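Asks: After the structure tokens below, expect a handful of questions from me.
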Amino acid sequence: MCAGQWAALCRAPDRKPYNGGIQGEQYMGSGEYGNQLGSRSRISTPSAWRHDKPSPERDRLYRDIVERQTELISRFLPDGTITFANRSFFDLLASLHIDAGMDLNFFEMFPESERVKIKAQIQFLGSRNPHSNAELWLEMPGDEKHWVRWIFQPVLDDRKILEIQAVGRDTTRRVRAERELRESEEKIKALINAPTDTAILMTTDWKILAINHVGAKRFGLSVDALIGQFLNRHMPSDIYESRKPKFAKVARTGKPVYFEDSRDGRELENHVYPLFDHSGKVDRFAVFTRDITEKKKALKRLQEREAELEIQAQSLKEANIALKVLLKKREEDKNELEEKVWFNIRRLVGPFLEKLKCSGLNKRQMLFARTLESSVDMIISPLARKMSLEYSGFTPTEVQVANLIQQGMTTKEIARFFSLSERTIEFHRENIRKKLGIKNKKINLKSYLSSR
């Protein structure tokens, strides 16, 4: 930036003032930054300035004013060639690692997508469009974006654009903050809208500040339609009156509350949490409401089922007691019947057997009579009942042989009793031992049968 550039910047002796753009000594006299840099018509000037001749003092003052600006001030030709830039602009070039030599081009500082925007902005600059603005980004080292809001103004000569003046203000922090804020808001919205519960943020006078989609749907309205509305106007008065004391308790104590109520036939559980202002006073409520109708129905069905099972268990218990009584009675009846059978056989059959034995029987007949008497005793005795189970795998002949062996009869006597050969009786004895599991063992068969 040489003195000649500044002189040219401040001097236009043959130009007429033109409100549509920058002409002559009206450097930066209009637009967003006009009040900062001023114009010749708005500031008090020494007498040396009150003519159109340039002076070193005026050049120095203009240079000092422009150089001190934190805004990025530059001028470039319609093809983008930069003809002037202040110190802040050159600092930007340095941060972009752009060589601040000759033939700097304003457009080439930007990526292609942003160049299109710049050209679209300056395309319509002129007497009717004295300025335009755009927020553009530049790619910094490390792929980091640097945002600047630019104001473009034409430098005119008889409505012909000689140069474009660009004044930029760094907006990177604001853009990043806005982006982070949007992302944060989107995350919060996602978190709020993810659950199936109604979520409401409201003031202590019940004004809705935020509500999720689930809650809006339950009220039959959109989220935007409910924001700013008073919640109590969208619920039955009896529900509002029943909830009002609970919310007042939260505001008074600063502690959350939980309660259940119902609305339109739906069972609801509600959690109300206090939110505090900078002085520690409750100024908002965070309300979460969950529809627990199905949960209540399931719980009721479970309770009913448990009651049914309890009744069934009691019935089974009573039936078990009754069955035990019946089994005991059956055993008693069985024992009584056995006693009666034993008594009747002894009373009715016993005397005849005694008479039969005393009626002059021969030896063979006496053997039959004694066997008959012994068999009757075994039938009516507990041993006979036990044998009927233990000898269930025996043939009828084996049962008879085992019975006679138990009574102490020898193989020869048993053979004579059945009119069979002794070899046949021995065969039955071997089968009996085999079925009893004592074959080839030195165990007396009569002793074994008597001990069972």
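Residue numbering restarts at 1 in every chain; chains get A, B, ... in the order shown in the structure tokens, and ligands count up from 1 in that same order.
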Determine, counting only C-alpha atoms, which protein, DNA and RNA residues have an atom within 10 Å of an atom of A:Phe89; residues of the same chain fewer than 4 positions away are not included. Present the result as a PyMOL selection string.
Replies: chain A and resi 67+69-74+84-85+93-95+167-168
Asks: List the neighbours of A:Ile425 out to 7 Å using only C-alpha atoms; skip same-chain residues closer than 3 positions along the sequence, and give me the result as a PyMOL selection string.
Replies: chain A and resi 411+415+421-422+428-429
Asks: Give me, as a PyMOL selection string, all polymer residues having an atom no more than 9 Å from A:Gly126, counting only C-alpha atoms and skipping those fewer than 5 positions away in the same chain.
Replies: chain A and resi 20-21+131+153-156+159-161
Asks: Identify, on the basis of only C-alpha atoms, every residue whose closest approach to stretch 362-368 of chain A does not exceed 10 Å; exclude the query and any residue fewer than 4 positions from it along the same chain; express the result as a PyMOL selection string.
Replies: chain A and resi 356-358+372-374+413+416-417
Asks: Write to file, as a PDB file, in the first residue's frame, the residues of the selection just made, with N, CA, C and O atoms.
Replies:
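That gives us selection21.pdb:
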ATOM      1  N   LEU A 356     -62.893-132.479  59.448  1.00  0.00           N
ATOM      2  CA  LEU A 356     -62.386-133.269  58.330  1.00  0.00           C
ATOM      3  C   LEU A 356     -61.125-134.027  58.741  1.00  0.00           C
ATOM      4  O   LEU A 356     -60.950-135.204  58.378  1.00  0.00           O
ATOM      5  N   LYS A 357     -60.255-133.368  59.511  1.00  0.00           N
ATOM      6  CA  LYS A 357     -59.015-134.024  59.919  1.00  0.00           C
ATOM      7  C   LYS A 357     -59.292-135.177  60.907  1.00  0.00           C
ATOM      8  O   LYS A 357     -58.493-136.096  61.022  1.00  0.00           O
ATOM      9  N   CYS A 358     -60.414-135.110  61.606  1.00  0.00           N
ATOM     10  CA  CYS A 358     -60.749-136.138  62.605  1.00  0.00           C
ATOM     11  C   CYS A 358     -61.734-137.188  62.064  1.00  0.00           C
ATOM     12  O   CYS A 358     -62.341-137.949  62.826  1.00  0.00           O
ATOM     13  N   LEU A 372     -54.707-127.705  52.841  1.00  0.00           N
ATOM     14  CA  LEU A 372     -55.837-126.796  52.686  1.00  0.00           C
ATOM     15  C   LEU A 372     -55.922-125.840  53.863  1.00  0.00           C
ATOM     16  O   LEU A 372     -56.124-124.623  53.679  1.00  0.00           O
ATOM     17  N   GLU A 373     -55.710-126.348  55.061  1.00  0.00           N
ATOM     18  CA  GLU A 373     -55.749-125.496  56.245  1.00  0.00           C
ATOM     19  C   GLU A 373     -54.629-124.448  56.214  1.00  0.00           C
ATOM     20  O   GLU A 373     -54.831-123.272  56.516  1.00  0.00           O
ATOM     21  N   SER A 374     -53.445-124.871  55.804  1.00  0.00           N
ATOM     22  CA  SER A 374     -52.316-123.950  55.729  1.00  0.00           C
ATOM     23  C   SER A 374     -52.537-122.886  54.673  1.00  0.00           C
ATOM     24  O   SER A 374     -52.220-121.701  54.863  1.00  0.00           O
ATOM     25  N   GLU A 413     -41.994-135.335  49.287  1.00  0.00           N
ATOM     26  CA  GLU A 413     -43.374-135.132  49.743  1.00  0.00           C
ATOM     27  C   GLU A 413     -44.171-134.273  48.760  1.00  0.00           C
ATOM     28  O   GLU A 413     -45.341-134.547  48.481  1.00  0.00           O
ATOM     29  N   ARG A 416     -45.017-136.420  45.743  1.00  0.00           N
ATOM     30  CA  ARG A 416     -46.124-137.333  46.032  1.00  0.00           C
ATOM     31  C   ARG A 416     -47.437-136.555  46.100  1.00  0.00           C
ATOM     32  O   ARG A 416     -48.475-137.040  45.663  1.00  0.00           O
ATOM     33  N   PHE A 417     -47.405-135.277  46.650  1.00  0.00           N
ATOM     34  CA  PHE A 417     -48.614-134.471  46.799  1.00  0.00           C
ATOM     35  C   PHE A 417     -49.215-134.135  45.433  1.00  0.00           C
ATOM     36  O   PHE A 417     -50.432-134.205  45.238  1.00  0.00           O
TER      37      PHE A 417
END
Asks: Within 10 Å of stretch 273-282 of chain A, counting only C-alpha atoms, which residues show up once you throw out same-chain ones fewer than 3 positions away? Write them as a ChimeraX atom specification, please.
Replies: /A:201-204,247,250-258,270,285-288
Asks: May I have the residues from that selection written out with N, CA, C and O atoms, as an mmCIF file, in the first residue's frame?
Replies:
data_model
loop_
_atom_site.group_PDB
_atom_site.id
_atom_site.type_symbol
_atom_site.label_atom_id
_atom_site.label_comp_id
_atom_site.auth_asym_id
_atom_site.auth_seq_id
_atom_site.Cartn_x
_atom_site.Cartn_y
_atom_site.Cartn_z
ATOM 1 N N LEU A 201 -41.921 -28.636 28.939
ATOM 2 C CA LEU A 201 -41.237 -27.607 29.721
ATOM 3 C C LEU A 201 -42.186 -26.425 29.807
ATOM 4 O O LEU A 201 -42.639 -25.912 28.783
ATOM 5 N N MET A 202 -42.496 -25.990 31.025
ATOM 6 C CA MET A 202 -43.507 -24.953 31.208
ATOM 7 C C MET A 202 -43.112 -24.028 32.355
ATOM 8 O O MET A 202 -42.311 -24.390 33.219
ATOM 9 N N THR A 203 -43.680 -22.829 32.332
ATOM 10 C CA THR A 203 -43.447 -21.883 33.415
ATOM 11 C C THR A 203 -44.331 -22.237 34.600
ATOM 12 O O THR A 203 -45.217 -23.097 34.501
ATOM 13 N N THR A 204 -44.099 -21.558 35.701
ATOM 14 C CA THR A 204 -44.903 -21.847 36.899
ATOM 15 C C THR A 204 -46.352 -21.396 36.748
ATOM 16 O O THR A 204 -47.193 -21.798 37.546
ATOM 17 N N PHE A 247 -48.322 -29.198 41.647
ATOM 18 C CA PHE A 247 -47.347 -28.305 41.028
ATOM 19 C C PHE A 247 -46.954 -27.182 41.996
ATOM 20 O O PHE A 247 -45.786 -26.768 42.032
ATOM 21 N N VAL A 250 -44.293 -28.411 44.273
ATOM 22 C CA VAL A 250 -42.970 -28.422 43.653
ATOM 23 C C VAL A 250 -42.369 -27.024 43.685
ATOM 24 O O VAL A 250 -41.191 -26.840 44.010
ATOM 25 N N ALA A 251 -43.182 -26.001 43.350
ATOM 26 C CA ALA A 251 -42.696 -24.623 43.357
ATOM 27 C C ALA A 251 -42.323 -24.174 44.766
ATOM 28 O O ALA A 251 -41.360 -23.424 44.956
ATOM 29 N N ARG A 252 -43.056 -24.643 45.756
ATOM 30 C CA ARG A 252 -42.834 -24.228 47.148
ATOM 31 C C ARG A 252 -41.630 -24.923 47.771
ATOM 32 O O ARG A 252 -40.813 -24.293 48.455
ATOM 33 N N THR A 253 -41.494 -26.223 47.525
ATOM 34 C CA THR A 253 -40.438 -27.005 48.179
ATOM 35 C C THR A 253 -39.175 -27.151 47.334
ATOM 36 O O THR A 253 -38.105 -27.446 47.856
ATOM 37 N N GLY A 254 -39.322 -26.985 46.013
ATOM 38 C CA GLY A 254 -38.166 -27.195 45.140
ATOM 39 C C GLY A 254 -37.802 -28.650 44.981
ATOM 40 O O GLY A 254 -36.697 -28.979 44.547
ATOM 41 N N LYS A 255 -38.742 -29.540 45.303
ATOM 42 C CA LYS A 255 -38.499 -30.975 45.192
ATOM 43 C C LYS A 255 -39.484 -31.593 44.198
ATOM 44 O O LYS A 255 -40.624 -31.155 44.099
ATOM 45 N N PRO A 256 -39.039 -32.613 43.455
ATOM 46 C CA PRO A 256 -39.928 -33.243 42.473
ATOM 47 C C PRO A 256 -41.042 -34.034 43.153
ATOM 48 O O PRO A 256 -40.905 -34.457 44.308
ATOM 49 N N VAL A 257 -42.133 -34.220 42.431
ATOM 50 C CA VAL A 257 -43.248 -35.022 42.935
ATOM 51 C C VAL A 257 -43.646 -36.038 41.871
ATOM 52 O O VAL A 257 -43.404 -35.850 40.678
ATOM 53 N N TYR A 258 -44.257 -37.120 42.356
ATOM 54 C CA TYR A 258 -44.787 -38.171 41.479
ATOM 55 C C TYR A 258 -46.227 -38.427 41.877
ATOM 56 O O TYR A 258 -46.557 -38.504 43.056
ATOM 57 N N ASN A 270 -47.234 -39.331 36.430
ATOM 58 C CA ASN A 270 -46.654 -38.014 36.171
ATOM 59 C C ASN A 270 -45.464 -37.760 37.087
ATOM 60 O O ASN A 270 -45.532 -38.019 38.296
ATOM 61 N N PHE A 285 -41.143 -25.782 35.230
ATOM 62 C CA PHE A 285 -41.373 -27.192 35.551
ATOM 63 C C PHE A 285 -41.002 -28.042 34.339
ATOM 64 O O PHE A 285 -41.300 -27.675 33.197
ATOM 65 N N ALA A 286 -40.353 -29.158 34.601
ATOM 66 C CA ALA A 286 -40.150 -30.184 33.579
ATOM 67 C C ALA A 286 -41.103 -31.325 33.918
ATOM 68 O O ALA A 286 -41.000 -31.932 34.985
ATOM 69 N N VAL A 287 -42.038 -31.595 33.021
ATOM 70 C CA VAL A 287 -43.111 -32.548 33.293
ATOM 71 C C VAL A 287 -42.979 -33.736 32.339
ATOM 72 O O VAL A 287 -42.858 -33.551 31.123
ATOM 73 N N PHE A 288 -42.992 -34.937 32.900
ATOM 74 C CA PHE A 288 -42.943 -36.154 32.103
ATOM 75 C C PHE A 288 -44.155 -37.010 32.472
ATOM 76 O O PHE A 288 -44.347 -37.348 33.641
#
Asks: Would you work out the distance separating atom CA of A:Ser450 from atom CA of A:Val401, expressed in Å to one decimal?
Replies: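 Distance reported for this atom pair: 13.5 Å.
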Asks: Check the DSSP output for the backbone and give back, as number ranges by chain, the residues of stretch 207-386 of chain A in strand (DSSP E or B).
Replies: A: 207-211, 230, 257-263, 266-276, 282-291
Asks: In Å, how far is it from atom CA of A:Gln229 to atom CA of A:Ile200?
Replies: 11.8 Å
Asks: Which polymer residues have any atom within 8 Å of an atom of A:His213, counting only C-alpha atoms, with same-chain residues fewer than 3 positions away left out, as a list in words?
Replies: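 Here the answer would be Asn193, Thr198, Ala216, Lys217, Ser222 and Val223 of chain A.
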Asks: Separation of atom CA of A:Lys446 and atom CA of A:Glu430, in Å?
Replies: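 These two atoms are separated by 13.0 Å.
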